[in-house]
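**Q** Quick one: the structure is below, and I'll ask about it shortly.
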Amino acid sequence: MEGIDWHARAAALSVDGRMWIDGERVAAADGATFAKASPIDGRHLAQVARGGSADIDRAVAGARRAFEKGSWVAQPPAARKKVLLRFAEKLLASREELALLESLDMGKPIRYSLSVDVAATARCIAWYAEAVDKIYDEIAPTGPGALALITREAMGVIGVIVPWNYPMIMAAWKLGPALAAGNSVVLKPSEKSPLTALRMAELALEAGLPEGVFNVVPGFGHEAGEALALHGDVDAIGFTGSTRVGRKMLEYAGRSNLKRVYNELGGKSANIVFADFEDLDRAAGTAAGNMFFNQGESCNAPSRLLVEESIADDFAARLTREAASYLPADPLDAQTVMGALVDAGQLQTVLGYIEAGRAEGARCLAGGAQARGDSGGFYVAPTIFDGVRNDMRIAQEEIFGPVLSIIRFRTEEEAVAIANASSYGLQAGLWTSNLGRAHRVARALRAGTVHVNQYDEDDMTVPFGGYKQSGNGRDKSLHAFDKYTELKTTWIRLG
Ligand code: NAD
């Protein structure tokens, strides 16, 4: 990556913003487009097709036709594996182009678009490809008079609606299991980050995915998104996004065909540091690193840092030193670790929460202001508040920006109670050198993933998803196949 002039590449980029339906690029039925600008510096990137209900109808019809024809689902699993492995290879072969599109589109540093986003996307597709010809069905222990087969079957047409913070990875977490299982997919990327999804569809087709199996309809949530989630011929919705819109997904299903809805939603994850932990520097470095990674725009960001009172001053000082290494800079510079927020609206939201923190009496130890104001983009300095109470807005609401709240506690019971006093339950972390405490607290935390003495070390083999209002169902791991397959019992009478 050293030596690449990303600005020159960006200047030379030509982006096709038309949608992908039935294996071809098409304009919206009514010809509508929207302008996509870069949060890095405000530059115009592309006119992107603005999908509406006619486009969703057309994409769902194409997806259904492909499914009914069996051009994909009727292929043996080993054949589907080959195509998806080729798709993963093509993603890697286009890594620089995809990374550049991702950074320009939503503002993240190019080094991470390359090393994290493209790499994890390809890994995910390859992982489900590899899995699909190794999964067996079941025979129930019914007794000698019958043979009862329990099989998993592809559902049909899956609607996928994803956010802008990890556009490719979030799409891949649905596409991997949904496509490997044999379904057709209609993907609606976020209007704030539609560009990589369009390229992914193109690469999938080149890899041999039959026409109509993977469609991409860009557009707005209340237009293309709503049309997809309300569609009567969509069997399931794999949604990642805010809890507010997740509620709507359930309503849309209720108002239409009771399609399955799998929601991966917001978070306000607690990260608990006990005084007995032996390496506070590592705990502080990891806490800051995970909070400020991706500009704080991560659903599982450990945004509530619970610190035992006896070490709280010392730990806050360590965190403040760490924050200094996450100053926002040009995302197209290969050294940059903190990029731009996704748009002006997100900038205002984050600055509004910083004001709310101050107004409610929290003490700002670092940051607390917009940065790089003359860039034309949307940057906020890494921000740390101390003296936060768990009932403050900055502790209860998902900010989705680089704002860390320090909440002090005195006992283990108090720490667990504070951590669980949230409508969210996506993830949690805890740091202790006491084995009994590690197990006790991990069991008591109401979260889909509990990290012990690390945060966000990760692998495709483990499920990802939340308790409570952080959602239902799980992305990643073999469990994700449950979302995109139906379970069938075939009872055969013998003799
Ligand atoms: P969002 O809910 O605003 O939008 C997500 C997607 O839904 C977008 O594609 C959007 O266009 C679409 N949408 C919006 N309104 C819609 C409507 N009325 N009908 C149909 N579709 C609609 O979320 P966002 O701002 O793009 O993303 C940030 C959120 O995503 C955060 O809450 C974050 O925690 C969450 N997230 C969760 C996970 C997870 O795995 N749990 C991962 C990443 C992000």
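Chain labels follow the order of the structure tokens: the first chain is A, the next B, and so on; residue numbering restarts at 1 in every chain, and ligands are counted from 1 in their shown order.
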For ligand 1, collect every residue having any atom at a distance of at most 7 Å from a ligand atom (counting only C-alpha atoms and all ligand atoms); output as a short mmCIF file (atom, residue, chain, number, x, y, z; two decimals) with N, CA, C and O atoms, in the first residue's frame.
**A**
```cif
data_model
loop_
_atom_site.label_atom_id
_atom_site.label_comp_id
_atom_site.auth_asym_id
_atom_site.auth_seq_id
_atom_site.Cartn_x
_atom_site.Cartn_y
_atom_site.Cartn_z
N ILE A 161 -30.97 -5.27 4.00
CA ILE A 161 -30.91 -3.81 4.15
C ILE A 161 -29.79 -3.50 5.17
O ILE A 161 -29.83 -4.02 6.28
N VAL A 162 -28.81 -2.73 4.74
CA VAL A 162 -27.62 -2.55 5.59
C VAL A 162 -27.28 -1.08 5.80
O VAL A 162 -27.70 -0.21 5.04
N PRO A 163 -26.47 -0.81 6.84
CA PRO A 163 -26.08 0.56 7.16
C PRO A 163 -24.78 0.97 6.46
O PRO A 163 -24.26 0.22 5.63
N TRP A 164 -24.25 2.10 6.86
CA TRP A 164 -23.11 2.69 6.16
C TRP A 164 -21.80 2.55 6.91
O TRP A 164 -20.76 2.98 6.42
N ASN A 165 -21.79 1.99 8.10
CA ASN A 165 -20.54 2.05 8.88
C ASN A 165 -19.50 1.02 8.43
O ASN A 165 -18.31 1.29 8.47
N TYR A 166 -19.98 -0.16 8.03
CA TYR A 166 -19.10 -1.17 7.40
C TYR A 166 -19.89 -1.69 6.21
O TYR A 166 -20.40 -2.83 6.24
N MET A 170 -21.04 -5.60 6.40
CA MET A 170 -22.43 -5.87 6.83
C MET A 170 -23.20 -6.61 5.74
O MET A 170 -24.00 -7.50 6.02
N LYS A 188 -30.35 -3.70 -0.48
CA LYS A 188 -30.53 -2.23 -0.48
C LYS A 188 -29.46 -1.64 0.43
O LYS A 188 -29.57 -1.68 1.66
N PRO A 189 -28.38 -1.11 -0.17
CA PRO A 189 -27.33 -0.50 0.66
C PRO A 189 -27.81 0.84 1.20
O PRO A 189 -28.82 1.38 0.74
N SER A 190 -27.08 1.36 2.17
CA SER A 190 -27.44 2.68 2.69
C SER A 190 -27.25 3.74 1.61
O SER A 190 -26.30 3.67 0.82
N GLU A 191 -28.13 4.72 1.59
CA GLU A 191 -27.99 5.83 0.65
C GLU A 191 -26.70 6.62 0.92
O GLU A 191 -26.23 7.38 0.08
N GLY A 219 -30.85 3.40 -2.91
CA GLY A 219 -31.94 4.36 -2.72
C GLY A 219 -32.12 4.65 -1.25
O GLY A 219 -31.34 4.20 -0.42
N PHE A 220 -33.20 5.38 -0.96
CA PHE A 220 -33.43 5.84 0.41
C PHE A 220 -34.25 4.82 1.20
O PHE A 220 -35.00 4.02 0.63
N GLY A 221 -34.12 4.92 2.52
CA GLY A 221 -34.80 3.99 3.39
C GLY A 221 -36.31 4.02 3.23
O GLY A 221 -36.97 2.98 3.12
N HIS A 222 -36.87 5.25 3.21
CA HIS A 222 -38.32 5.36 3.16
C HIS A 222 -38.88 5.10 1.76
O HIS A 222 -40.10 5.09 1.58
N GLY A 225 -36.05 1.05 0.63
CA GLY A 225 -35.99 0.20 1.82
C GLY A 225 -37.37 -0.25 2.25
O GLY A 225 -37.63 -1.44 2.49
N GLU A 226 -38.27 0.72 2.33
CA GLU A 226 -39.64 0.39 2.76
C GLU A 226 -40.32 -0.55 1.76
O GLU A 226 -40.99 -1.52 2.14
N ALA A 229 -38.99 -4.06 2.31
CA ALA A 229 -39.43 -4.70 3.56
C ALA A 229 -40.93 -4.98 3.58
O ALA A 229 -41.39 -5.85 4.31
N THR A 240 -29.56 -4.79 9.13
CA THR A 240 -28.64 -4.21 10.11
C THR A 240 -28.81 -2.71 10.06
O THR A 240 -28.78 -2.10 8.99
N GLY A 241 -29.01 -2.12 11.23
CA GLY A 241 -29.20 -0.68 11.29
C GLY A 241 -29.63 -0.27 12.68
O GLY A 241 -29.39 -0.98 13.65
N SER A 242 -30.30 0.85 12.75
CA SER A 242 -30.68 1.41 14.05
C SER A 242 -31.87 0.66 14.64
O SER A 242 -32.66 0.05 13.92
N THR A 243 -32.00 0.76 15.94
CA THR A 243 -33.14 0.16 16.62
C THR A 243 -34.44 0.83 16.16
O THR A 243 -35.47 0.17 16.00
N ARG A 244 -34.38 2.12 15.91
CA ARG A 244 -35.58 2.84 15.43
C ARG A 244 -36.11 2.22 14.14
O ARG A 244 -37.31 1.92 14.02
N VAL A 245 -35.22 1.95 13.18
CA VAL A 245 -35.69 1.39 11.91
C VAL A 245 -35.97 -0.11 12.07
O VAL A 245 -36.86 -0.65 11.41
N GLY A 246 -35.26 -0.78 12.98
CA GLY A 246 -35.54 -2.19 13.26
C GLY A 246 -36.99 -2.40 13.68
O GLY A 246 -37.64 -3.38 13.29
N LYS A 248 -39.45 -0.64 12.69
CA LYS A 248 -40.27 -0.53 11.46
C LYS A 248 -40.24 -1.84 10.68
O LYS A 248 -41.23 -2.21 10.05
N MET A 249 -39.10 -2.51 10.68
CA MET A 249 -39.00 -3.78 9.94
C MET A 249 -40.06 -4.76 10.45
O MET A 249 -40.71 -5.46 9.66
N GLU A 264 -30.28 -6.76 13.32
CA GLU A 264 -29.00 -6.52 14.01
C GLU A 264 -28.94 -5.02 14.26
O GLU A 264 -28.76 -4.25 13.32
N LEU A 265 -29.11 -4.62 15.52
CA LEU A 265 -29.39 -3.21 15.78
C LEU A 265 -28.30 -2.52 16.60
O LEU A 265 -27.17 -2.96 16.64
N GLY A 266 -28.67 -1.46 17.24
CA GLY A 266 -27.69 -0.60 17.91
C GLY A 266 -27.14 -1.18 19.20
O GLY A 266 -27.52 -2.27 19.64
N GLY A 267 -26.21 -0.44 19.79
CA GLY A 267 -25.60 -0.89 21.03
C GLY A 267 -25.11 0.26 21.87
O GLY A 267 -25.00 1.41 21.39
N SER A 298 -19.21 2.28 15.30
CA SER A 298 -19.31 0.82 15.35
C SER A 298 -20.44 0.47 16.32
O SER A 298 -20.52 1.04 17.41
N CYS A 299 -21.27 -0.50 15.90
CA CYS A 299 -22.40 -0.88 16.75
C CYS A 299 -21.91 -1.41 18.09
O CYS A 299 -22.56 -1.23 19.12
N ASN A 300 -20.74 -2.08 18.08
CA ASN A 300 -20.24 -2.70 19.32
C ASN A 300 -19.17 -1.86 20.00
O ASN A 300 -18.43 -2.37 20.86
N GLU A 398 -27.31 5.75 21.86
CA GLU A 398 -26.19 5.43 20.98
C GLU A 398 -25.79 6.69 20.22
O GLU A 398 -26.60 7.27 19.51
N PHE A 400 -22.89 6.95 18.19
CA PHE A 400 -22.32 6.56 16.90
C PHE A 400 -21.31 7.59 16.41
O PHE A 400 -21.34 8.05 15.27
N LEU A 426 -25.84 -5.54 23.08
CA LEU A 426 -25.08 -6.12 21.97
C LEU A 426 -23.82 -6.82 22.48
O LEU A 426 -23.63 -8.01 22.27
N PHE A 464 -22.57 -13.26 16.04
CA PHE A 464 -22.55 -11.82 16.36
C PHE A 464 -23.99 -11.32 16.37
O PHE A 464 -24.70 -11.44 15.38
N GLY A 465 -24.41 -10.77 17.49
CA GLY A 465 -25.78 -10.24 17.56
C GLY A 465 -26.11 -9.91 19.00
O GLY A 465 -25.30 -10.13 19.90
N GLY A 466 -27.33 -9.40 19.20
CA GLY A 466 -27.60 -8.82 20.50
C GLY A 466 -28.77 -9.38 21.28
O GLY A 466 -29.67 -10.02 20.73
N SER A 470 -31.00 -4.76 21.01
CA SER A 470 -29.91 -4.82 20.02
C SER A 470 -30.23 -5.82 18.92
O SER A 470 -29.43 -6.00 18.00
N GLY A 471 -31.38 -6.49 19.00
CA GLY A 471 -31.80 -7.29 17.86
C GLY A 471 -32.12 -8.73 18.18
O GLY A 471 -32.26 -9.13 19.33
#
```
**Q** Report as an mmCIF file with all heavy atoms, in the first residue's frame all protein, DNA and RNA residues lying within 10 Å of A:Val118, evaluated on only C-alpha atoms, omitting residues in the same chain fewer than 2 positions from it.
**A**
```cif
data_model
loop_
_atom_site.group_PDB
_atom_site.id
_atom_site.type_symbol
_atom_site.label_atom_id
_atom_site.label_comp_id
_atom_site.auth_asym_id
_atom_site.auth_seq_id
_atom_site.Cartn_x
_atom_site.Cartn_y
_atom_site.Cartn_z
ATOM 1 N N ALA A 88 -15.000 -14.465 -3.778
ATOM 2 C CA ALA A 88 -14.092 -13.960 -2.741
ATOM 3 C C ALA A 88 -12.744 -13.582 -3.347
ATOM 4 O O ALA A 88 -12.152 -12.549 -3.003
ATOM 5 C CB ALA A 88 -13.910 -15.016 -1.646
ATOM 6 N N LEU A 91 -13.036 -10.305 -5.101
ATOM 7 C CA LEU A 91 -13.063 -9.185 -4.151
ATOM 8 C C LEU A 91 -11.626 -8.809 -3.775
ATOM 9 O O LEU A 91 -11.272 -7.627 -3.742
ATOM 10 C CB LEU A 91 -13.849 -9.576 -2.896
ATOM 11 C CG LEU A 91 -15.367 -9.740 -3.071
ATOM 12 C CD1 LEU A 91 -15.970 -10.457 -1.861
ATOM 13 C CD2 LEU A 91 -16.039 -8.382 -3.263
ATOM 14 N N LEU A 92 -10.824 -9.828 -3.504
ATOM 15 C CA LEU A 92 -9.433 -9.547 -3.115
ATOM 16 C C LEU A 92 -8.635 -8.961 -4.277
ATOM 17 O O LEU A 92 -7.816 -8.063 -4.094
ATOM 18 C CB LEU A 92 -8.760 -10.817 -2.601
ATOM 19 C CG LEU A 92 -9.227 -11.279 -1.216
ATOM 20 C CD1 LEU A 92 -8.528 -12.572 -0.815
ATOM 21 C CD2 LEU A 92 -8.993 -10.195 -0.160
ATOM 22 N N SER A 94 -9.736 -7.054 -6.448
ATOM 23 C CA SER A 94 -10.157 -5.656 -6.643
ATOM 24 C C SER A 94 -10.000 -4.865 -5.345
ATOM 25 O O SER A 94 -10.679 -3.863 -5.141
ATOM 26 C CB SER A 94 -11.625 -5.601 -7.079
ATOM 27 O OG SER A 94 -11.808 -6.354 -8.240
ATOM 28 N N ARG A 95 -9.117 -5.336 -4.464
ATOM 29 C CA ARG A 95 -9.096 -4.762 -3.112
ATOM 30 C C ARG A 95 -8.823 -3.260 -3.097
ATOM 31 O O ARG A 95 -9.458 -2.533 -2.331
ATOM 32 C CB ARG A 95 -8.098 -5.494 -2.211
ATOM 33 C CG ARG A 95 -6.670 -5.465 -2.710
ATOM 34 C CD ARG A 95 -5.725 -5.711 -1.549
ATOM 35 N NE ARG A 95 -5.764 -7.079 -1.075
ATOM 36 C CZ ARG A 95 -5.089 -8.115 -1.619
ATOM 37 N NH1 ARG A 95 -4.338 -7.892 -2.688
ATOM 38 N NH2 ARG A 95 -5.147 -9.312 -1.125
ATOM 39 N N GLU A 96 -7.924 -2.807 -3.977
ATOM 40 C CA GLU A 96 -7.579 -1.382 -3.901
ATOM 41 C C GLU A 96 -8.736 -0.516 -4.386
ATOM 42 O O GLU A 96 -9.049 0.516 -3.788
ATOM 43 C CB GLU A 96 -6.302 -1.117 -4.700
ATOM 44 C CG GLU A 96 -5.093 -1.679 -3.951
ATOM 45 C CD GLU A 96 -3.823 -1.741 -4.766
ATOM 46 O OE1 GLU A 96 -3.813 -1.245 -5.916
ATOM 47 O OE2 GLU A 96 -2.831 -2.308 -4.259
ATOM 48 N N GLU A 97 -9.376 -0.969 -5.443
ATOM 49 C CA GLU A 97 -10.523 -0.204 -5.957
ATOM 50 C C GLU A 97 -11.667 -0.182 -4.927
ATOM 51 O O GLU A 97 -12.257 0.867 -4.644
ATOM 52 C CB GLU A 97 -11.011 -0.859 -7.256
ATOM 53 C CG GLU A 97 -12.194 -0.147 -7.865
ATOM 54 C CD GLU A 97 -12.964 -1.025 -8.850
ATOM 55 O OE1 GLU A 97 -12.518 -2.158 -9.111
ATOM 56 O OE2 GLU A 97 -14.013 -0.563 -9.325
ATOM 57 N N LEU A 98 -11.968 -1.340 -4.356
ATOM 58 C CA LEU A 98 -13.064 -1.409 -3.386
ATOM 59 C C LEU A 98 -12.744 -0.571 -2.138
ATOM 60 O O LEU A 98 -13.600 0.140 -1.605
ATOM 61 C CB LEU A 98 -13.328 -2.862 -2.977
ATOM 62 C CG LEU A 98 -13.964 -3.743 -4.047
ATOM 63 C CD1 LEU A 98 -13.880 -5.216 -3.653
ATOM 64 C CD2 LEU A 98 -15.416 -3.344 -4.296
ATOM 65 N N ALA A 99 -11.502 -0.659 -1.682
ATOM 66 C CA ALA A 99 -11.114 0.099 -0.484
ATOM 67 C C ALA A 99 -11.244 1.597 -0.738
ATOM 68 O O ALA A 99 -11.736 2.345 0.121
ATOM 69 C CB ALA A 99 -9.690 -0.256 -0.078
ATOM 70 N N GLU A 102 -14.851 2.581 -0.678
ATOM 71 C CA GLU A 102 -15.403 2.568 0.681
ATOM 72 C C GLU A 102 -14.965 3.804 1.465
ATOM 73 O O GLU A 102 -15.778 4.459 2.130
ATOM 74 C CB GLU A 102 -14.933 1.279 1.391
ATOM 75 C CG GLU A 102 -15.779 0.877 2.569
ATOM 76 C CD GLU A 102 -17.032 0.109 2.160
ATOM 77 O OE1 GLU A 102 -17.731 0.549 1.247
ATOM 78 O OE2 GLU A 102 -17.301 -0.938 2.775
ATOM 79 N N TYR A 112 -7.574 1.031 6.762
ATOM 80 C CA TYR A 112 -8.509 0.066 7.339
ATOM 81 C C TYR A 112 -9.495 -0.462 6.293
ATOM 82 O O TYR A 112 -9.928 -1.608 6.367
ATOM 83 C CB TYR A 112 -9.270 0.686 8.518
ATOM 84 C CG TYR A 112 -8.357 1.040 9.672
ATOM 85 C CD1 TYR A 112 -8.468 2.261 10.327
ATOM 86 C CD2 TYR A 112 -7.373 0.154 10.093
ATOM 87 C CE1 TYR A 112 -7.622 2.592 11.370
ATOM 88 C CE2 TYR A 112 -6.514 0.476 11.138
ATOM 89 C CZ TYR A 112 -6.645 1.695 11.777
ATOM 90 O OH TYR A 112 -5.805 2.019 12.805
ATOM 91 N N SER A 113 -9.844 0.371 5.325
ATOM 92 C CA SER A 113 -10.693 -0.152 4.241
ATOM 93 C C SER A 113 -10.011 -1.344 3.586
ATOM 94 O O SER A 113 -10.646 -2.352 3.271
ATOM 95 C CB SER A 113 -10.952 0.922 3.175
ATOM 96 O OG SER A 113 -11.717 1.955 3.700
ATOM 97 N N LEU A 114 -8.695 -1.201 3.414
ATOM 98 C CA LEU A 114 -7.927 -2.289 2.786
ATOM 99 C C LEU A 114 -7.747 -3.473 3.722
ATOM 100 O O LEU A 114 -8.052 -4.611 3.365
ATOM 101 C CB LEU A 114 -6.530 -1.771 2.436
ATOM 102 C CG LEU A 114 -6.285 -1.184 1.079
ATOM 103 C CD1 LEU A 114 -4.868 -0.634 1.040
ATOM 104 C CD2 LEU A 114 -6.463 -2.205 -0.036
ATOM 105 N N SER A 115 -7.226 -3.202 4.933
ATOM 106 C CA SER A 115 -6.792 -4.305 5.793
ATOM 107 C C SER A 115 -7.961 -4.926 6.553
ATOM 108 O O SER A 115 -7.895 -6.092 6.930
ATOM 109 C CB SER A 115 -5.746 -3.820 6.795
ATOM 110 O OG SER A 115 -6.321 -2.871 7.678
ATOM 111 N N VAL A 116 -9.010 -4.155 6.789
ATOM 112 C CA VAL A 116 -10.145 -4.690 7.547
ATOM 113 C C VAL A 116 -11.336 -4.956 6.621
ATOM 114 O O VAL A 116 -11.782 -6.094 6.476
ATOM 115 C CB VAL A 116 -10.567 -3.729 8.686
ATOM 116 C CG1 VAL A 116 -11.797 -4.273 9.417
ATOM 117 C CG2 VAL A 116 -9.401 -3.530 9.660
ATOM 118 N N ALA A 120 -12.055 -8.631 5.403
ATOM 119 C CA ALA A 120 -13.093 -9.350 6.165
ATOM 120 C C ALA A 120 -14.257 -9.746 5.260
ATOM 121 O O ALA A 120 -14.888 -10.792 5.459
ATOM 122 C CB ALA A 120 -13.587 -8.485 7.319
ATOM 123 N N THR A 121 -14.547 -8.923 4.276
ATOM 124 C CA THR A 121 -15.641 -9.228 3.346
ATOM 125 C C THR A 121 -15.313 -10.494 2.546
ATOM 126 O O THR A 121 -16.126 -11.424 2.453
ATOM 127 C CB THR A 121 -15.873 -8.029 2.400
ATOM 128 O OG1 THR A 121 -16.221 -6.910 3.203
ATOM 129 C CG2 THR A 121 -16.972 -8.295 1.401
ATOM 130 N N ALA A 122 -14.109 -10.533 2.012
ATOM 131 C CA ALA A 122 -13.700 -11.700 1.220
ATOM 132 C C ALA A 122 -13.646 -12.944 2.108
ATOM 133 O O ALA A 122 -14.079 -14.031 1.705
ATOM 134 C CB ALA A 122 -12.335 -11.442 0.578
ATOM 135 N N ARG A 123 -13.128 -12.772 3.315
ATOM 136 C CA ARG A 123 -13.014 -13.908 4.247
ATOM 137 C C ARG A 123 -14.396 -14.473 4.569
ATOM 138 O O ARG A 123 -14.606 -15.673 4.646
ATOM 139 C CB ARG A 123 -12.339 -13.418 5.529
ATOM 140 C CG ARG A 123 -11.579 -14.462 6.266
ATOM 141 C CD ARG A 123 -10.543 -13.894 7.231
ATOM 142 N NE ARG A 123 -11.010 -12.798 8.046
ATOM 143 C CZ ARG A 123 -10.445 -11.608 8.110
ATOM 144 N NH1 ARG A 123 -9.387 -11.340 7.387
ATOM 145 N NH2 ARG A 123 -10.926 -10.671 8.890
ATOM 146 N N CYS A 124 -15.352 -13.589 4.754
ATOM 147 C CA CYS A 124 -16.711 -14.017 5.097
ATOM 148 C C CYS A 124 -17.332 -14.819 3.955
ATOM 149 O O CYS A 124 -17.892 -15.905 4.174
ATOM 150 C CB CYS A 124 -17.556 -12.779 5.419
ATOM 151 S SG CYS A 124 -19.286 -13.157 5.667
ATOM 152 N N TYR A 166 -19.979 -0.161 8.032
ATOM 153 C CA TYR A 166 -19.100 -1.167 7.403
ATOM 154 C C TYR A 166 -19.887 -1.693 6.213
ATOM 155 O O TYR A 166 -20.395 -2.830 6.244
ATOM 156 C CB TYR A 166 -18.792 -2.315 8.374
ATOM 157 C CG TYR A 166 -18.031 -1.897 9.607
ATOM 158 C CD1 TYR A 166 -18.695 -1.615 10.795
ATOM 159 C CD2 TYR A 166 -16.637 -1.792 9.577
ATOM 160 C CE1 TYR A 166 -17.994 -1.224 11.933
ATOM 161 C CE2 TYR A 166 -15.933 -1.401 10.709
ATOM 162 C CZ TYR A 166 -16.617 -1.124 11.881
ATOM 163 O OH TYR A 166 -15.929 -0.742 13.007
ATOM 164 N N MET A 168 -19.499 -2.973 3.181
ATOM 165 C CA MET A 168 -19.253 -4.285 2.557
ATOM 166 C C MET A 168 -19.381 -5.418 3.565
ATOM 167 O O MET A 168 -19.952 -6.466 3.264
ATOM 168 C CB MET A 168 -17.839 -4.329 1.959
ATOM 169 C CG MET A 168 -17.741 -3.738 0.594
ATOM 170 S SD MET A 168 -16.068 -3.986 -0.084
ATOM 171 C CE MET A 168 -15.140 -2.835 0.867
ATOM 172 N N ILE A 169 -18.813 -5.216 4.752
ATOM 173 C CA ILE A 169 -18.813 -6.316 5.725
ATOM 174 C C ILE A 169 -20.248 -6.647 6.148
ATOM 175 O O ILE A 169 -20.631 -7.824 6.231
ATOM 176 C CB ILE A 169 -17.965 -5.965 6.974
ATOM 177 C CG1 ILE A 169 -16.503 -5.739 6.591
ATOM 178 C CG2 ILE A 169 -18.058 -7.069 8.020
ATOM 179 C CD1 ILE A 169 -15.602 -5.338 7.759
ATOM 180 N N THR A 196 -19.780 0.484 -2.998
ATOM 181 C CA THR A 196 -19.116 -0.825 -3.038
ATOM 182 C C THR A 196 -20.109 -1.951 -3.313
ATOM 183 O O THR A 196 -19.763 -2.947 -3.949
ATOM 184 C CB THR A 196 -18.347 -1.115 -1.732
ATOM 185 O OG1 THR A 196 -19.164 -0.770 -0.625
ATOM 186 C CG2 THR A 196 -17.038 -0.353 -1.679
#
```
**Q** I need the residue nearest A:Asn472 from this list: A:Leu250, A:Ala28, A:Ile406, A:Ala270. Use only C-alpha atoms for the distance.
**A** A:Leu250
**Q** So, with only C-alpha atoms as the atoms that count, which of A:Ser103, A:Thr432, A:Ser325, A:Thr449 lies closest to A:Ile272?
**A**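 Closest to A:Ile272, using only C-alpha atoms: A:Thr432.
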**Q** Counting only C-alpha atoms, figure out which residue out of A:Gly145, A:Gly387, A:Pro39, A:Pro109 gets nearest to A:Gln335.
**A** A:Pro109
**Q** One decimal, Å: what's the distance from atom CA of A:Arg440 over to atom CA of A:Glu413, could you say?
**A** 10.4 Å
**Q** If we count only C-alpha atoms, what is near A:Ile56 at a cut-off of 12 Å, once residues fewer than 4 positions away on the same chain are taken out, given as a PyMOL selection string?
**A** chain A and resi 19-22+28-29+50-52+60-64+159-160+185-188+215-220+223-234
